[in-house]
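Asks: Sharing work_10.txt here; it has compact mmCIF, C-alpha atoms (C1' of nucleotides) and all ligand atoms.
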```txt
# COMPACT_ATOMS: atom_id res chain seq x y z
CA MET A 1 0.00 0.00 0.00
CA PRO A 2 1.30 3.45 -0.87
CA ASP A 3 1.79 5.74 2.09
CA THR A 4 0.20 8.70 0.39
CA PHE A 5 -2.87 10.19 1.99
CA LEU A 6 -5.93 9.90 -0.18
CA ASP A 7 -8.98 12.12 0.01
CA LYS A 8 -11.61 10.49 2.14
CA ASP A 9 -15.16 9.80 0.99
CA GLN A 10 -14.40 9.88 -2.67
CA PRO A 11 -17.55 8.52 -4.29
CA ALA A 12 -17.00 5.92 -6.93
CA ASN A 13 -18.99 7.66 -9.62
CA ARG A 14 -21.20 10.63 -10.38
CA PHE A 15 -24.40 8.96 -9.17
CA ALA A 16 -22.89 8.08 -5.82
CA ARG A 17 -21.66 11.63 -5.61
CA ALA A 18 -25.12 13.06 -6.26
CA ARG A 19 -26.55 10.74 -3.60
CA GLU A 20 -24.06 12.04 -1.07
CA ALA A 21 -24.93 15.64 -1.89
CA GLN A 22 -28.60 14.84 -1.52
CA ALA A 23 -28.08 13.29 1.91
CA ALA A 24 -26.90 16.67 3.21
CA ALA A 25 -29.73 18.66 1.64
CA VAL A 26 -32.23 18.41 4.47
CA LEU A 27 -29.59 19.34 7.05
CA GLU A 28 -28.51 22.33 5.01
CA ASP A 29 -32.02 23.63 4.47
CA TYR A 30 -32.94 23.27 8.14
CA VAL A 31 -29.88 25.03 9.54
CA GLU A 32 -30.24 27.88 7.07
CA MET A 33 -33.89 28.33 7.94
CA ILE A 34 -33.37 28.04 11.69
CA GLY A 35 -30.77 30.76 11.33
CA ASP A 36 -33.31 32.89 9.46
CA LEU A 37 -35.94 32.41 12.15
CA ILE A 38 -33.55 33.29 14.98
CA GLU A 39 -32.52 36.37 13.03
CA GLU A 40 -36.14 37.42 12.49
CA PHE A 41 -37.82 36.42 15.75
CA GLY A 42 -34.98 35.83 18.18
CA GLU A 43 -35.91 32.16 18.38
CA ALA A 44 -36.83 29.20 16.17
CA ARG A 45 -39.97 27.38 17.24
CA VAL A 46 -40.73 23.91 15.95
CA ALA A 47 -44.09 25.10 14.64
CA ASP A 48 -42.47 27.86 12.60
CA ILE A 49 -39.82 25.54 11.23
CA ALA A 50 -42.50 23.05 10.17
CA ALA A 51 -44.58 25.78 8.55
CA ARG A 52 -41.67 27.16 6.54
CA MET A 53 -40.63 23.72 5.37
CA SER A 54 -44.22 22.80 4.55
CA VAL A 55 -44.03 19.63 6.59
CA SER A 56 -46.04 18.44 9.57
CA GLN A 57 -44.85 19.32 13.04
CA PRO A 58 -43.78 15.73 13.88
CA THR A 59 -41.72 15.59 10.69
CA ALA A 60 -39.93 18.79 11.70
CA THR A 61 -39.34 17.42 15.18
CA LYS A 62 -37.79 14.29 13.73
CA SER A 63 -35.46 16.20 11.42
CA ILE A 64 -34.44 18.48 14.27
CA ALA A 65 -33.55 15.34 16.23
CA ARG A 66 -31.19 14.43 13.42
CA LEU A 67 -29.65 17.93 13.47
CA LYS A 68 -29.01 17.48 17.18
CA ARG A 69 -27.52 14.02 16.68
CA GLU A 70 -25.16 15.46 14.10
CA GLY A 71 -24.08 18.30 16.34
CA LEU A 72 -25.65 21.10 14.30
CA ALA A 73 -28.43 22.15 16.68
CA MET A 74 -29.48 21.97 20.31
CA SER A 75 -32.76 22.15 22.16
CA ARG A 76 -34.48 21.09 25.35
CA PRO A 77 -38.01 19.62 25.30
CA TYR A 78 -40.75 22.17 24.65
CA ARG A 79 -38.17 24.90 24.08
CA GLY A 80 -36.94 26.54 20.92
CA VAL A 81 -34.16 25.27 18.67
CA PHE A 82 -30.68 26.79 18.57
CA LEU A 83 -27.70 26.27 16.32
CA THR A 84 -24.34 25.07 17.56
CA GLU A 85 -21.25 26.90 16.37
CA GLU A 86 -20.88 24.28 13.69
CA GLY A 87 -24.53 24.64 12.72
CA ALA A 88 -24.29 28.42 12.56
CA ALA A 89 -21.18 28.21 10.41
CA LEU A 90 -22.93 25.79 8.06
CA ALA A 91 -25.96 28.08 7.90
CA THR A 92 -23.79 31.00 6.90
CA ARG A 93 -22.07 29.05 4.15
CA VAL A 94 -25.33 27.60 2.85
CA ARG A 95 -27.04 30.98 2.82
CA ALA A 96 -24.22 32.57 0.84
CA ARG A 97 -24.24 29.73 -1.67
CA HIS A 98 -28.00 29.97 -2.05
CA ARG A 99 -27.77 33.67 -2.80
CA THR A 100 -24.93 33.27 -5.25
CA ILE A 101 -26.87 30.70 -7.22
CA VAL A 102 -30.03 32.78 -7.34
CA GLU A 103 -28.14 35.86 -8.45
CA PHE A 104 -26.21 33.94 -11.06
CA LEU A 105 -29.41 32.49 -12.51
CA VAL A 106 -31.05 35.90 -12.54
CA LYS A 107 -28.06 37.45 -14.27
CA THR A 108 -28.18 34.65 -16.83
CA GLY A 109 -31.79 35.54 -17.61
CA VAL A 110 -33.98 33.42 -15.36
CA PRO A 111 -36.94 35.28 -13.79
CA ARG A 112 -36.24 35.79 -10.10
CA ASP A 113 -39.20 33.81 -8.77
CA ILE A 114 -38.23 30.81 -10.89
CA ALA A 115 -34.58 31.22 -9.93
CA GLU A 116 -35.62 31.00 -6.28
CA LEU A 117 -37.53 27.78 -6.87
CA ASP A 118 -34.79 26.09 -8.89
CA ALA A 119 -32.02 27.23 -6.56
CA GLU A 120 -33.60 25.48 -3.60
CA GLY A 121 -32.76 22.14 -5.19
CA ILE A 122 -29.74 23.06 -7.30
CA GLU A 123 -27.77 24.56 -4.43
CA HIS A 124 -27.07 21.17 -2.86
CA HIS A 125 -25.31 19.90 -5.98
CA VAL A 126 -23.07 22.83 -6.87
CA SER A 127 -19.43 22.11 -6.11
CA GLN A 128 -17.02 24.66 -4.72
CA VAL A 129 -15.34 25.03 -8.09
CA THR A 130 -18.62 25.71 -9.85
CA LEU A 131 -19.69 28.12 -7.14
CA GLU A 132 -16.52 30.13 -7.65
CA VAL A 133 -17.15 30.22 -11.38
CA PHE A 134 -20.61 31.64 -10.64
CA GLU A 135 -19.14 34.22 -8.29
CA ARG A 136 -16.68 35.34 -10.91
CA ALA A 137 -19.44 35.62 -13.48
CA LEU A 138 -21.35 37.86 -11.09
CA GLN A 139 -18.40 40.13 -10.43
CA ALA A 140 -17.88 40.73 -14.14
CA ARG A 141 -19.99 43.86 -14.67
CA GLY A 142 -22.39 42.60 -11.98
CA GLY A 143 -25.18 45.17 -11.81
CA ASP A 144 -25.80 46.16 -15.43
CA MET B 1 -66.13 26.68 -3.98
CA PRO B 2 -65.15 28.57 -7.10
CA ASP B 3 -65.64 26.63 -10.31
CA THR B 4 -62.32 27.65 -11.79
CA PHE B 5 -59.85 24.93 -12.59
CA LEU B 6 -56.63 25.18 -10.66
CA ASP B 7 -53.31 23.73 -11.67
CA LYS B 8 -52.80 20.36 -10.05
CA ASP B 9 -49.82 19.45 -7.91
CA GLN B 10 -48.81 22.98 -7.15
CA PRO B 11 -46.37 22.65 -4.29
CA ALA B 12 -47.01 24.99 -1.45
CA ASN B 13 -43.52 26.37 -1.29
CA ARG B 14 -40.01 26.02 -2.69
CA PHE B 15 -39.00 23.25 -0.32
CA ALA B 16 -41.97 21.11 -1.26
CA ARG B 17 -41.15 21.80 -4.86
CA ALA B 18 -37.55 20.63 -4.43
CA ARG B 19 -38.81 17.49 -2.68
CA GLU B 20 -41.05 16.70 -5.62
CA ALA B 21 -38.18 17.17 -8.06
CA GLN B 22 -36.02 14.89 -5.97
CA ALA B 23 -38.64 12.14 -5.96
CA ALA B 24 -38.31 11.86 -9.73
CA ALA B 25 -34.51 11.86 -9.75
CA VAL B 26 -33.96 8.12 -9.39
CA LEU B 27 -36.53 7.35 -12.08
CA GLU B 28 -34.93 9.82 -14.45
CA ASP B 29 -31.41 8.53 -13.92
CA TYR B 30 -32.43 4.92 -14.39
CA VAL B 31 -34.39 5.41 -17.61
CA GLU B 32 -31.60 7.50 -19.10
CA MET B 33 -29.02 4.87 -18.25
CA ILE B 34 -31.12 1.94 -19.39
CA GLY B 35 -31.49 3.76 -22.68
CA ASP B 36 -27.72 4.17 -22.84
CA LEU B 37 -27.13 0.47 -22.19
CA ILE B 38 -29.63 -0.63 -24.83
CA GLU B 39 -27.97 1.74 -27.24
CA GLU B 40 -24.51 0.38 -26.46
CA PHE B 41 -25.14 -3.33 -25.94
CA GLY B 42 -28.58 -3.97 -27.41
CA GLU B 43 -29.88 -4.82 -23.95
CA ALA B 44 -29.82 -3.60 -20.35
CA ARG B 45 -28.88 -6.26 -17.83
CA VAL B 46 -29.57 -5.74 -14.14
CA ALA B 47 -25.92 -6.31 -13.33
CA ASP B 48 -24.82 -3.56 -15.72
CA ILE B 49 -27.43 -1.16 -14.42
CA ALA B 50 -26.29 -1.80 -10.85
CA ALA B 51 -22.64 -1.33 -11.79
CA ARG B 52 -23.23 1.99 -13.55
CA MET B 53 -25.32 3.31 -10.68
CA SER B 54 -22.78 2.09 -8.14
CA VAL B 55 -25.43 0.25 -6.16
CA SER B 56 -25.81 -3.40 -5.25
CA GLN B 57 -27.69 -5.67 -7.60
CA PRO B 58 -30.70 -6.05 -5.25
CA THR B 59 -30.96 -2.27 -4.98
CA ALA B 60 -31.06 -2.00 -8.75
CA THR B 61 -33.67 -4.75 -8.95
CA LYS B 62 -35.85 -2.91 -6.48
CA SER B 63 -35.61 0.40 -8.34
CA ILE B 64 -36.39 -1.37 -11.61
CA ALA B 65 -39.50 -2.76 -9.93
CA ARG B 66 -40.55 0.81 -9.25
CA LEU B 67 -39.90 1.77 -12.88
CA LYS B 68 -42.17 -1.08 -13.94
CA ARG B 69 -44.86 -0.09 -11.47
CA GLU B 70 -44.79 3.43 -12.86
CA GLY B 71 -45.05 2.24 -16.45
CA LEU B 72 -41.57 3.34 -17.53
CA ALA B 73 -39.95 -0.08 -18.03
CA MET B 74 -40.79 -3.72 -18.57
CA SER B 75 -39.01 -7.00 -17.94
CA ARG B 76 -39.62 -10.68 -17.32
CA PRO B 77 -37.72 -12.55 -14.59
CA TYR B 78 -34.09 -13.27 -15.45
CA ARG B 79 -34.37 -11.28 -18.68
CA GLY B 80 -33.08 -7.83 -19.56
CA VAL B 81 -34.90 -4.57 -18.90
CA PHE B 82 -36.65 -2.59 -21.63
CA LEU B 83 -38.20 0.86 -21.71
CA THR B 84 -41.85 1.47 -22.49
CA GLU B 85 -42.71 4.20 -24.96
CA GLU B 86 -43.22 6.51 -22.04
CA GLY B 87 -39.90 5.45 -20.52
CA ALA B 88 -38.04 5.94 -23.78
CA ALA B 89 -39.59 9.38 -24.22
CA LEU B 90 -38.56 10.33 -20.70
CA ALA B 91 -35.03 9.02 -21.33
CA THR B 92 -34.72 11.19 -24.41
CA ARG B 93 -35.85 14.30 -22.59
CA VAL B 94 -33.64 13.62 -19.59
CA ARG B 95 -30.59 12.95 -21.75
CA ALA B 96 -31.04 16.20 -23.66
CA ARG B 97 -31.47 18.16 -20.45
CA HIS B 98 -28.37 16.56 -18.95
CA ARG B 99 -26.30 17.53 -21.98
CA THR B 100 -27.61 21.06 -22.05
CA ILE B 101 -26.68 21.58 -18.43
CA VAL B 102 -23.19 20.16 -18.84
CA GLU B 103 -22.52 22.27 -21.93
CA PHE B 104 -23.88 25.37 -20.25
CA LEU B 105 -21.63 24.87 -17.24
CA VAL B 106 -18.62 24.23 -19.45
CA LYS B 107 -19.33 27.34 -21.46
CA THR B 108 -19.61 29.31 -18.23
CA GLY B 109 -16.15 28.18 -17.24
CA VAL B 110 -16.55 24.98 -15.22
CA PRO B 111 -14.06 22.20 -16.06
CA ARG B 112 -15.85 19.45 -17.95
CA ASP B 113 -15.24 16.68 -15.43
CA ILE B 114 -16.62 18.81 -12.62
CA ALA B 115 -19.53 19.91 -14.80
CA GLU B 116 -20.40 16.25 -15.32
CA LEU B 117 -20.40 15.58 -11.59
CA ASP B 118 -22.46 18.62 -10.67
CA ALA B 119 -24.92 18.14 -13.51
CA GLU B 120 -25.89 14.70 -12.29
CA GLY B 121 -27.58 16.28 -9.30
CA ILE B 122 -28.47 19.72 -10.69
CA GLU B 123 -30.37 18.39 -13.70
CA HIS B 124 -33.31 17.22 -11.60
CA HIS B 125 -33.97 20.70 -10.26
CA VAL B 126 -33.75 22.80 -13.41
CA SER B 127 -37.16 24.00 -14.57
CA GLN B 128 -38.22 24.20 -18.18
CA VAL B 129 -37.85 27.97 -18.15
CA THR B 130 -34.32 27.81 -16.80
CA LEU B 131 -33.40 25.08 -19.26
CA GLU B 132 -34.51 27.28 -22.13
CA VAL B 133 -32.43 30.14 -20.77
CA PHE B 134 -29.41 27.80 -20.77
CA GLU B 135 -30.15 26.70 -24.33
CA ARG B 136 -30.32 30.29 -25.50
CA ALA B 137 -27.02 31.07 -23.76
CA LEU B 138 -25.44 28.16 -25.63
CA GLN B 139 -26.74 29.27 -29.00
CA ALA B 140 -25.29 32.73 -28.56
CA ARG B 141 -21.85 32.30 -30.20
CA GLY B 142 -21.81 28.67 -29.01
CA GLY B 143 -18.44 27.29 -30.03
CA ASP B 144 -15.95 30.11 -29.43
C1' DA C 1 -54.94 28.06 41.47
C1' DC C 2 -56.58 26.23 37.72
C1' DA C 3 -58.58 25.35 33.42
C1' DC C 4 -57.93 25.61 28.71
C1' DA C 5 -55.59 26.41 24.41
C1' DA C 6 -51.51 26.07 22.09
C1' DA C 7 -47.18 23.94 21.37
C1' DT C 8 -44.42 19.98 21.44
C1' DA C 9 -43.46 15.08 21.94
C1' DT C 10 -44.51 10.42 21.14
C1' DA C 11 -46.42 6.34 18.93
C1' DG C 12 -46.97 4.02 15.03
C1' DC C 13 -47.76 3.77 10.23
C1' DC C 14 -45.83 4.03 5.17
C1' DA C 15 -42.56 4.42 0.90
C1' DT C 16 -38.05 4.83 -0.71
C1' DG C 17 -33.60 3.44 -1.39
C1' DG C 18 -29.57 1.60 0.67
C1' DC C 19 -27.30 -3.02 2.30
C1' DT C 20 -25.94 -8.47 2.94
C1' DA C 21 -26.96 -13.22 2.62
C1' DT C 22 -28.97 -16.67 0.18
C1' DA C 23 -32.16 -18.95 -3.07
C1' DA C 24 -33.43 -19.82 -7.75
C1' DC C 25 -32.75 -19.68 -12.44
C1' DT C 26 -30.06 -19.66 -16.95
C1' DT C 27 -26.46 -20.75 -19.73
C1' DG C 28 -22.28 -22.65 -21.63
C1' DG C 29 -18.98 -26.37 -21.68
C1' DT C 30 -17.97 -31.23 -21.31
C1' DA D 1 -27.59 -34.59 -19.91
C1' DC D 2 -25.67 -32.28 -16.52
C1' DC D 3 -22.82 -29.44 -13.73
C1' DA D 4 -20.61 -25.13 -12.59
C1' DA D 5 -20.54 -20.42 -12.95
C1' DG D 6 -22.83 -16.49 -13.53
C1' DT D 7 -26.99 -13.79 -13.08
C1' DT D 8 -31.23 -12.48 -11.04
C1' DA D 9 -34.68 -12.78 -7.38
C1' DT D 10 -35.95 -12.94 -2.71
C1' DA D 11 -35.72 -12.33 2.24
C1' DG D 12 -34.86 -9.44 5.69
C1' DC D 13 -32.42 -5.74 7.75
C1' DC D 14 -31.60 -0.41 8.35
C1' DA D 15 -32.02 4.94 7.97
C1' DT D 16 -34.50 8.69 6.27
C1' DG D 17 -38.27 11.50 5.81
C1' DG D 18 -43.09 11.72 5.04
C1' DC D 19 -47.87 11.22 7.51
C1' DT D 20 -52.01 11.03 11.34
C1' DA D 21 -53.55 10.44 15.90
C1' DT D 22 -52.82 11.22 20.51
C1' DA D 23 -50.34 12.25 24.86
C1' DT D 24 -47.85 15.61 27.38
C1' DT D 25 -46.22 20.00 28.66
C1' DT D 26 -46.35 25.01 28.75
C1' DG D 27 -48.17 29.17 29.56
C1' DT D 28 -52.04 32.44 29.75
C1' DG D 29 -56.25 34.40 31.43
C1' DT D 30 -59.66 34.45 34.98
MN MN A 201 -32.34 23.75 -0.56
MN MN A 202 -31.67 27.25 0.32
MN MN A 203 -28.99 12.66 -12.31
MN MN A 204 -28.06 12.45 -15.85
```
Taking this structure as input, can you express it in the form of structure tokens?
Replies:
Amino acid sequence: MPDTFLDKDQPANRFARAREAQAAAVLEDYVEMIGDLIEEFGEARVADIAARMSVSQPTATKSIARLKREGLAMSRPYRGVFLTEEGAALATRVRARHRTIVEFLVKTGVPRDIAELDAEGIEHHVSQVTLEVFERALQARGGD
Amino acid sequence: MPDTFLDKDQPANRFARAREAQAAAVLEDYVEMIGDLIEEFGEARVADIAARMSVSQPTATKSIARLKREGLAMSRPYRGVFLTEEGAALATRVRARHRTIVEFLVKTGVPRDIAELDAEGIEHHVSQVTLEVFERALQARGGD
DNA sequence: ACACAAATATAGCCATGGCTATAACTTGGT
DNA sequence: ACCAAGTTATAGCCATGGCTATATTTGTGT
């Protein structure tokens, strides 16, 4: 065996890679939205999270349990949900990526409302390299 | 109740919409690939489908069962898999969309290998409107 | 203090898409 | 004809993310 260090979690092919990206999608959307709610209301209630995600309250509760398991959020029973440092950092990154993608689509010619809809799914599959390409495209004569 | 006809299946919000797009992703990838295999080898064997998807053979068998249930494919036990008319039509559409997205990303400045990886996930979330915007961008001085 | 409404948790169901282990079938070679 | 190898099907497990129904807790108003 060679003693070089290989990148971990290298998916075998493009389908496996897309599956991995998808697995993080729910986590990403929840932390971003919990961050939004805390920003807006000072706290994130389960009922508000469920409403914004358009899922039932028990479904939101279950996903929040996964966030907690993965160290992204914290909460005590019947209290609001908070982000850990790691969760807050993820929320910030995810929010920036979301915005970049929407703005890139809009600049390319997609109506903003449609860009918002498409971006909600697309965002989870855009690699860092592609994101930087989008950012560069936006900087080039950005607000024409 | 008003007697106007409303569009069916209108998701309540962007998250529900992304969930719906995701639900079709596996179906789309399988029909496209089965079409590829039939094109290349004259038939699509379960083992080859599983290998290309990087899943186990039983996982492929199960997904093929879903394709059959949904009227996209047909097969008899221990025989190859075939596409129905509907499945073949979907494969054609999905393949064209995949290519458009890859070419658009490449033209925007994303390295081709990365564009291929990202497109495998992105493709399922690009609306018809956005796809047409991409196509127009490609036609404008396409091969510089 | 207490009752009631609202919010949250819990129980228990389902479909999907992963997996491994093993059974059953098909096929090619002797 | 038959056996071995290869291929496909089946059984049975798990995690995730949906749902409804119901229990529990919180907090507010009287
Ligand atoms: Mn999203
Ligand atoms: Mn988002
Ligand atoms: Mn795909
Ligand atoms: Mn594809």
Asks: Please identify all protein, DNA and RNA residues within 6 Å of ligand MN 201 (chain A), counting all atoms listed in the file, and report them as a list in words.
Replies: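 The residues within 6 Å of ligand MN 201 (chain A), counting all atoms listed in the file, are Asp29, Glu120 and Gly121 of chain A.
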Asks: Compute the set of chain D residues within 9 Å of chain B, using all atoms listed in the file, and express it as a PyMOL selection string.
Replies: chain D and resi 7-9
Asks: Residues contacting ligand MN 202 (chain A) - anything with an atom at most 9 Å away, using all atoms listed in the file - can you give me those as an MDAnalysis selection string?
Replies: (chainID A and resid 25 28:30 32:33 94:95 97:99 116 119:124) or (chainID B and resid 14:15)
Asks: Over all C-alpha pairs taken in sequence order, what does chain B look like after a least-squares fit onto chain A? Please give it as a compact mmCIF listing (two decimals) with C-alpha atoms, in the coordinates of the input.
Replies:
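See superposed.txt below for the written result:
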```txt
# COMPACT_ATOMS: atom_id res chain seq x y z
CA MET B 1 -0.50 -1.35 0.46
CA PRO B 2 1.02 1.95 -0.58
CA ASP B 3 1.68 4.33 2.28
CA THR B 4 0.31 7.35 0.49
CA PHE B 5 -2.63 9.12 2.02
CA LEU B 6 -5.71 9.12 -0.15
CA ASP B 7 -8.55 11.58 0.01
CA LYS B 8 -11.34 10.22 2.15
CA ASP B 9 -14.92 9.84 1.00
CA GLN B 10 -14.15 9.94 -2.66
CA PRO B 11 -17.32 8.70 -4.31
CA ALA B 12 -16.77 6.09 -6.92
CA ASN B 13 -18.74 7.82 -9.61
CA ARG B 14 -21.00 10.79 -10.35
CA PHE B 15 -24.16 9.08 -9.16
CA ALA B 16 -22.66 8.24 -5.79
CA ARG B 17 -21.45 11.79 -5.59
CA ALA B 18 -24.94 13.18 -6.24
CA ARG B 19 -26.34 10.83 -3.59
CA GLU B 20 -23.87 12.16 -1.05
CA ALA B 21 -24.79 15.74 -1.89
CA GLN B 22 -28.45 14.90 -1.51
CA ALA B 23 -27.92 13.38 1.93
CA ALA B 24 -26.78 16.76 3.21
CA ALA B 25 -29.63 18.71 1.62
CA VAL B 26 -32.13 18.44 4.46
CA LEU B 27 -29.51 19.39 7.04
CA GLU B 28 -28.47 22.40 5.01
CA ASP B 29 -32.00 23.65 4.47
CA TYR B 30 -32.92 23.30 8.12
CA VAL B 31 -29.88 25.10 9.53
CA GLU B 32 -30.29 27.93 7.05
CA MET B 33 -33.94 28.34 7.94
CA ILE B 34 -33.42 28.06 11.67
CA GLY B 35 -30.87 30.82 11.31
CA ASP B 36 -33.42 32.90 9.43
CA LEU B 37 -36.05 32.40 12.13
CA ILE B 38 -33.67 33.32 14.95
CA GLU B 39 -32.71 36.39 12.99
CA GLU B 40 -36.34 37.39 12.45
CA PHE B 41 -38.00 36.38 15.71
CA GLY B 42 -35.15 35.85 18.16
CA GLU B 43 -36.02 32.16 18.34
CA ALA B 44 -36.89 29.18 16.15
CA ARG B 45 -40.01 27.32 17.23
CA VAL B 46 -40.71 23.84 15.92
CA ALA B 47 -44.08 24.96 14.61
CA ASP B 48 -42.51 27.75 12.56
CA ILE B 49 -39.83 25.47 11.20
CA ALA B 50 -42.46 22.94 10.15
CA ALA B 51 -44.58 25.64 8.51
CA ARG B 52 -41.70 27.07 6.49
CA MET B 53 -40.61 23.63 5.34
CA SER B 54 -44.18 22.66 4.51
CA VAL B 55 -43.95 19.49 6.57
CA SER B 56 -45.93 18.27 9.55
CA GLN B 57 -44.74 19.18 13.01
CA PRO B 58 -43.63 15.61 13.86
CA THR B 59 -41.58 15.50 10.67
CA ALA B 60 -39.84 18.70 11.66
CA THR B 61 -39.22 17.36 15.16
CA LYS B 62 -37.63 14.25 13.74
CA SER B 63 -35.33 16.19 11.40
CA ILE B 64 -34.34 18.48 14.26
CA ALA B 65 -33.41 15.37 16.22
CA ARG B 66 -31.04 14.48 13.41
CA LEU B 67 -29.55 17.99 13.46
CA LYS B 68 -28.90 17.56 17.17
CA ARG B 69 -27.37 14.14 16.68
CA GLU B 70 -25.02 15.60 14.09
CA GLY B 71 -23.99 18.47 16.34
CA LEU B 72 -25.60 21.24 14.28
CA ALA B 73 -28.39 22.27 16.67
CA MET B 74 -29.43 22.06 20.29
CA SER B 75 -32.73 22.21 22.14
CA ARG B 76 -34.44 21.13 25.34
CA PRO B 77 -37.95 19.63 25.28
CA TYR B 78 -40.70 22.17 24.64
CA ARG B 79 -38.14 24.93 24.07
CA GLY B 80 -36.96 26.57 20.87
CA VAL B 81 -34.17 25.29 18.65
CA PHE B 82 -30.72 26.87 18.56
CA LEU B 83 -27.72 26.38 16.29
CA THR B 84 -24.35 25.23 17.55
CA GLU B 85 -21.28 27.09 16.36
CA GLU B 86 -20.88 24.48 13.69
CA GLY B 87 -24.54 24.79 12.72
CA ALA B 88 -24.36 28.57 12.55
CA ALA B 89 -21.23 28.39 10.41
CA LEU B 90 -22.94 25.95 8.06
CA ALA B 91 -26.02 28.20 7.89
CA THR B 92 -23.87 31.15 6.88
CA ARG B 93 -22.14 29.21 4.14
CA VAL B 94 -25.38 27.72 2.85
CA ARG B 95 -27.14 31.08 2.82
CA ALA B 96 -24.34 32.70 0.84
CA ARG B 97 -24.30 29.86 -1.66
CA HIS B 98 -28.07 30.04 -2.07
CA ARG B 99 -27.89 33.76 -2.81
CA THR B 100 -25.04 33.39 -5.25
CA ILE B 101 -26.94 30.79 -7.22
CA VAL B 102 -30.13 32.82 -7.34
CA GLU B 103 -28.29 35.95 -8.45
CA PHE B 104 -26.33 34.02 -11.05
CA LEU B 105 -29.51 32.55 -12.51
CA VAL B 106 -31.20 35.94 -12.54
CA LYS B 107 -28.24 37.51 -14.25
CA THR B 108 -28.31 34.72 -16.83
CA GLY B 109 -31.90 35.56 -17.63
CA VAL B 110 -34.09 33.41 -15.37
CA PRO B 111 -37.06 35.22 -13.79
CA ARG B 112 -36.38 35.75 -10.10
CA ASP B 113 -39.30 33.71 -8.79
CA ILE B 114 -38.30 30.74 -10.90
CA ALA B 115 -34.65 31.20 -9.94
CA GLU B 116 -35.69 30.96 -6.29
CA LEU B 117 -37.55 27.72 -6.89
CA ASP B 118 -34.80 26.08 -8.90
CA ALA B 119 -32.05 27.23 -6.57
CA GLU B 120 -33.60 25.47 -3.62
CA GLY B 121 -32.72 22.14 -5.19
CA ILE B 122 -29.70 23.11 -7.31
CA GLU B 123 -27.74 24.64 -4.44
CA HIS B 124 -26.99 21.26 -2.87
CA HIS B 125 -25.23 20.01 -5.97
CA VAL B 126 -23.03 22.96 -6.86
CA SER B 127 -19.37 22.30 -6.09
CA GLN B 128 -17.00 24.87 -4.68
CA VAL B 129 -15.33 25.28 -8.06
CA THR B 130 -18.62 25.91 -9.83
CA LEU B 131 -19.73 28.31 -7.12
CA GLU B 132 -16.59 30.35 -7.62
CA VAL B 133 -17.22 30.43 -11.36
CA PHE B 134 -20.70 31.82 -10.63
CA GLU B 135 -19.27 34.42 -8.27
CA ARG B 136 -16.80 35.58 -10.89
CA ALA B 137 -19.59 35.81 -13.48
CA LEU B 138 -21.53 38.03 -11.08
CA GLN B 139 -18.61 40.34 -10.42
CA ALA B 140 -18.08 40.92 -14.11
CA ARG B 141 -20.22 44.05 -14.68
CA GLY B 142 -22.62 42.81 -11.98
CA GLY B 143 -25.46 45.31 -11.89
CA ASP B 144 -26.11 46.25 -15.53
```
Asks: Which of these, B:Ala65, B:Val102, B:Val110, B:Ala137, has the shortest distance to ligand MN 203 (chain A) once you count only C-alpha atoms and all ligand atoms?
Replies: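 Nearest to ligand MN 203 (chain A): B:Val102.
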Asks: Generate N, CA, C and O atoms for stretch 53-60 of chain A and emit them as a CSV table (one decimal), in the coordinates of the input.
Replies:
```
chain,number,residue,atom,x,y,z
A,53,MET,N,-41.0,24.9,6.2
A,53,MET,CA,-40.6,23.7,5.4
A,53,MET,C,-41.8,23.1,4.7
A,53,MET,O,-41.6,22.1,3.9
A,54,SER,N,-43.0,23.5,5.1
A,54,SER,CA,-44.2,22.8,4.6
A,54,SER,C,-44.2,21.3,4.9
A,54,SER,O,-44.5,20.5,4.0
A,55,VAL,N,-43.9,21.0,6.1
A,55,VAL,CA,-44.0,19.6,6.6
A,55,VAL,C,-44.8,19.7,7.9
A,55,VAL,O,-45.1,20.7,8.5
A,56,SER,N,-45.3,18.5,8.3
A,56,SER,CA,-46.0,18.4,9.6
A,56,SER,C,-45.1,18.7,10.7
A,56,SER,O,-43.9,18.6,10.6
A,57,GLN,N,-45.7,19.0,11.9
A,57,GLN,CA,-44.8,19.3,13.0
A,57,GLN,C,-44.0,18.1,13.5
A,57,GLN,O,-42.8,18.2,13.8
A,58,PRO,N,-44.6,16.9,13.5
A,58,PRO,CA,-43.8,15.7,13.9
A,58,PRO,C,-42.6,15.5,12.9
A,58,PRO,O,-41.5,15.1,13.3
A,59,THR,N,-42.8,15.8,11.6
A,59,THR,CA,-41.7,15.6,10.7
A,59,THR,C,-40.6,16.6,11.0
A,59,THR,O,-39.4,16.2,11.0
A,60,ALA,N,-41.0,17.8,11.3
A,60,ALA,CA,-39.9,18.8,11.7
A,60,ALA,C,-39.2,18.3,13.0
A,60,ALA,O,-38.0,18.4,13.0
```
